[in-house]
$ cat upload-v6.json   # JSON, C-alpha atoms
[["chain", "number", "residue", "atom", "x", "y", "z"],
["P", 1, "MET", "CA", 120.41, -7.38, 11.48],
["P", 2, "LYS", "CA", 118.93, -7.13, 8.00],
["P", 3, "ASP", "CA", 115.24, -7.82, 7.44],
["P", 4, "PHE", "CA", 114.93, -10.44, 4.69],
["P", 5, "THR", "CA", 111.13, -10.26, 4.33],
["P", 6, "ASP", "CA", 111.17, -9.00, 0.74],
["P", 7, "GLU", "CA", 113.74, -11.59, -0.31],
["P", 8, "ILE", "CA", 111.83, -14.42, 1.37],
["P", 9, "ASN", "CA", 108.57, -13.36, -0.30],
["P", 10, "ALA", "CA", 110.31, -13.18, -3.70],
["P", 11, "ALA", "CA", 111.75, -16.66, -3.15],
["P", 12, "VAL", "CA", 108.29, -18.02, -2.22],
["P", 13, "ARG", "CA", 106.79, -16.50, -5.39],
["P", 14, "THR", "CA", 109.60, -18.00, -7.48],
["P", 15, "LEU", "CA", 109.01, -21.43, -5.95],
["P", 16, "GLY", "CA", 105.32, -21.03, -6.75],
["P", 17, "ASP", "CA", 106.22, -20.34, -10.38],
["P", 18, "ILE", "CA", 108.46, -23.42, -10.47],
["P", 19, "ALA", "CA", 105.65, -25.58, -9.07],
["P", 20, "LEU", "CA", 103.15, -24.14, -11.56],
["P", 21, "LYS", "CA", 105.41, -24.79, -14.55],
["P", 22, "GLU", "CA", 106.17, -28.36, -13.50],
["P", 23, "ALA", "CA", 102.51, -29.13, -12.78],
["P", 24, "SER", "CA", 101.56, -27.80, -16.21],
["P", 25, "ARG", "CA", 104.43, -29.66, -17.89],
["P", 26, "THR", "CA", 103.49, -33.02, -16.35],
["P", 27, "CYS", "CA", 99.71, -32.68, -16.50],
["P", 28, "PRO", "CA", 98.17, -35.42, -18.64],
["P", 29, "VAL", "CA", 96.38, -34.00, -21.64],
["P", 30, "ARG", "CA", 93.32, -35.39, -23.33],
["P", 31, "THR", "CA", 91.42, -32.22, -24.27],
["P", 32, "GLY", "CA", 93.68, -29.66, -22.61],
["P", 33, "ARG", "CA", 90.98, -28.40, -20.24],
["P", 34, "LEU", "CA", 92.72, -29.63, -17.09],
["P", 35, "LYS", "CA", 96.11, -28.25, -18.11],
["P", 36, "ARG", "CA", 94.62, -24.84, -18.98],
["P", 37, "SER", "CA", 92.86, -24.72, -15.61],
["P", 38, "ILE", "CA", 96.02, -25.03, -13.49],
["P", 39, "ALA", "CA", 96.54, -21.68, -11.80],
["P", 40, "LEU", "CA", 98.78, -20.03, -9.26],
["P", 41, "ARG", "CA", 97.28, -17.66, -6.72],
["P", 42, "THR", "CA", 99.56, -15.59, -4.52],
["P", 43, "GLN", "CA", 98.16, -14.14, -1.33],
["P", 44, "HIS", "CA", 99.82, -11.71, 1.02],
["P", 45, "ASP", "CA", 99.21, -12.08, 4.74],
["P", 46, "ARG", "CA", 99.50, -8.51, 6.04],
["P", 47, "ALA", "CA", 99.64, -9.56, 9.68],
["P", 48, "LYS", "CA", 102.68, -11.77, 9.05],
["P", 49, "ASN", "CA", 103.96, -9.73, 6.09],
["P", 50, "SER", "CA", 104.44, -12.94, 4.16],
["P", 51, "ASP", "CA", 103.39, -14.32, 0.80],
["P", 52, "ILE", "CA", 101.60, -17.63, 0.30],
["P", 53, "CYS", "CA", 101.32, -19.42, -3.05],
["P", 54, "VAL", "CA", 98.47, -21.79, -3.83],
["P", 55, "ILE", "CA", 98.40, -23.90, -6.98],
["P", 56, "GLY", "CA", 95.32, -25.76, -8.03],
["P", 57, "THR", "CA", 92.52, -26.29, -10.47],
["P", 58, "THR", "CA", 88.75, -26.01, -10.34],
["P", 59, "VAL", "CA", 88.13, -28.79, -12.85],
["P", 60, "PRO", "CA", 85.87, -31.28, -11.04],
["P", 61, "TYR", "CA", 87.71, -34.38, -12.29],
["P", 62, "ALA", "CA", 91.18, -33.15, -11.24],
["P", 63, "PRO", "CA", 91.23, -35.25, -8.02],
["P", 64, "ASN", "CA", 90.48, -38.41, -10.04],
["P", 65, "VAL", "CA", 93.45, -37.63, -12.28],
["P", 66, "GLU", "CA", 95.80, -36.65, -9.45],
["P", 67, "PHE", "CA", 94.93, -39.49, -7.04],
["P", 68, "GLY", "CA", 93.37, -42.07, -9.35],
["P", 69, "GLY", "CA", 89.82, -43.23, -9.27],
["P", 70, "ARG", "CA", 87.18, -45.07, -11.22],
["P", 71, "GLY", "CA", 89.67, -47.82, -11.99],
["P", 72, "ARG", "CA", 92.36, -45.45, -13.23],
["P", 73, "ARG", "CA", 95.87, -45.17, -11.89],
["P", 74, "PRO", "CA", 96.98, -41.86, -10.35],
["P", 75, "LYS", "CA", 98.72, -39.33, -12.59],
["P", 76, "PRO", "CA", 100.04, -36.81, -10.06],
["P", 77, "PHE", "CA", 100.71, -33.48, -11.75],
["P", 78, "LEU", "CA", 100.18, -31.13, -8.79],
["P", 79, "GLU", "CA", 102.36, -33.35, -6.62],
["P", 80, "ASN", "CA", 105.03, -33.19, -9.32],
["P", 81, "GLY", "CA", 104.92, -29.41, -9.13],
["P", 82, "LEU", "CA", 105.25, -29.48, -5.36],
["P", 83, "GLU", "CA", 108.20, -31.87, -5.59],
["P", 84, "ALA", "CA", 109.99, -29.67, -8.13],
["P", 85, "ALA", "CA", 109.58, -26.66, -5.84],
["P", 86, "ARG", "CA", 110.74, -28.67, -2.83],
["P", 87, "LYS", "CA", 113.90, -29.77, -4.64],
["P", 88, "SER", "CA", 114.63, -26.16, -5.63],
["P", 89, "THR", "CA", 114.00, -24.60, -2.23],
["P", 90, "VAL", "CA", 117.56, -24.44, -0.92],
["P", 91, "LEU", "CA", 118.92, -23.11, -4.22],
["P", 92, "ILE", "CA", 116.20, -20.48, -4.62],
["P", 93, "PHE", "CA", 116.49, -19.22, -1.06],
["P", 94, "SER", "CA", 120.28, -19.07, -1.32],
["P", 95, "LEU", "CA", 119.94, -16.97, -4.50],
["P", 96, "PHE", "CA", 117.51, -14.53, -2.93],
["P", 97, "ILE", "CA", 119.03, -14.26, 0.53],
["P", 98, "LYS", "CA", 122.56, -12.97, 0.48],
["P", 99, "GLY", "CA", 124.16, -12.01, 3.76],
["P", 100, "ASP", "CA", 125.53, -8.51, 4.16],
["P", 101, "ASP", "CA", 128.14, -9.49, 6.73]]

$ encode --input "upload-v6.json" --output "structure tokens"
Amino acid sequence: MKDFTDEINAAVRTLGDIALKEASRTCPVRTGRLKRSIALRTQHDRAKNSDICVIGTTVPYAPNVEFGGRGRRPKPFLENGLEAARKSTVLIFSLFIKGDD
């Protein structure tokens, strides 16, 4: 049986890129600081031989934008990125994992 570890990790990284692009695309812009701060960090877990993608921002007011606050309605941009990646998951994995039957 073929080991698909490399293909799975490539698919995870691709989904991370999709989420990053959608989060950046849908991020509300006033000064551009929040949008510029959105970043993707990929970590490799050696014990599990698997990649993990984390998308986020260090801008202190990001939670107020994402979830609402101080009388403002939520403007979810990170959630939009996650949803775009979720919708693409089956397609991306099917592109990366091809059976060698």

$ closest_residue --input "upload-v6.json" --among "P:Thr5, P:Ser24, P:Ser88, P:Asn64" --to "Arg46 in chain P" --atoms "only C-alpha atoms"
P:Thr5

$ atom_distance --input "upload-v6.json" --atom1 "CA of Gly69 in chain P" --atom2 "CA of Leu82 in chain P"
21.0 Å

$ atom_distance --input "upload-v6.json" --atom1 "CA of Val54 in chain P" --atom2 "CA of Arg41 in chain P"
5.2 Å

$ closest_residue --input "upload-v6.json" --among "P:Ala10, P:Ile92, P:Leu78, P:Val65" --to "Arg30 in chain P" --atoms "only C-alpha atoms"
P:Val65

$ residues_near_point --input "upload-v6.json" --point "(113.1, -27.5, -6.4)" --cutoff "12 Å" --atoms "all atoms listed in the file" --output "list in words"
Ala11, Val12, Thr14, Leu15, Gly16, Asp17, Ile18, Ala19, Leu20, Lys21, Glu22, Asn80, Gly81, Leu82, Glu83, Ala84, Ala85, Arg86, Lys87, Ser88, Thr89, Val90, Leu91, Ile92 and Phe93 of chain P

$ atom_distance --input "upload-v6.json" --atom1 "CA of Glu66 in chain P" --atom2 "CA of Ala23 in chain P"
10.6 Å

$ closest_residue --input "upload-v6.json" --among "P:Ala39, P:Ile52, P:Ala62, P:Ala47" --to "Ile8 in chain P" --atoms "all atoms listed in the file"
P:Ile52

$ residues_near_point --input "upload-v6.json" --point "(99.2, -12.2, -6.1)" --cutoff "9 Å" --atoms "only C-alpha atoms" --output "number ranges by chain"
P: 13, 40-44, 51-53

$ axis_aligned_box --input "upload-v6.json" --around "range 39-55 of chain P" --padding-each-side "5 Å" --output "AutoDock Vina command-line options"
--center_x 100.5 --center_y -16.2 --center_z -1.1 --size_x 17.9 --size_y 25.4 --size_z 31.5

$ closest_residue --input "upload-v6.json" --among "P:Lys75, P:Thr26, P:Asp45, P:Gly32" --to "Asn9 in chain P" --atoms "all atoms listed in the file"
P:Asp45

$ residues_around --input "upload-v6.json" --residues "Thr58 in chain P" --least-positions-apart "3" --cutoff "10 Å" --atoms "only C-alpha atoms" --output "list in words"
Leu34, Ser37, Ile38, Ala39, Tyr61, Ala62 and Pro63 of chain P

$ write_last_selection --input "upload-v6.json" --atoms "C-alpha atoms" --output "compact mmCIF listing (two decimals), in the frame of the given file"
# COMPACT_ATOMS: atom_id res chain seq x y z
CA LEU P 34 92.72 -29.63 -17.09
CA SER P 37 92.86 -24.72 -15.61
CA ILE P 38 96.02 -25.03 -13.49
CA ALA P 39 96.54 -21.68 -11.80
CA TYR P 61 87.71 -34.38 -12.29
CA ALA P 62 91.18 -33.15 -11.24
CA PRO P 63 91.23 -35.25 -8.02
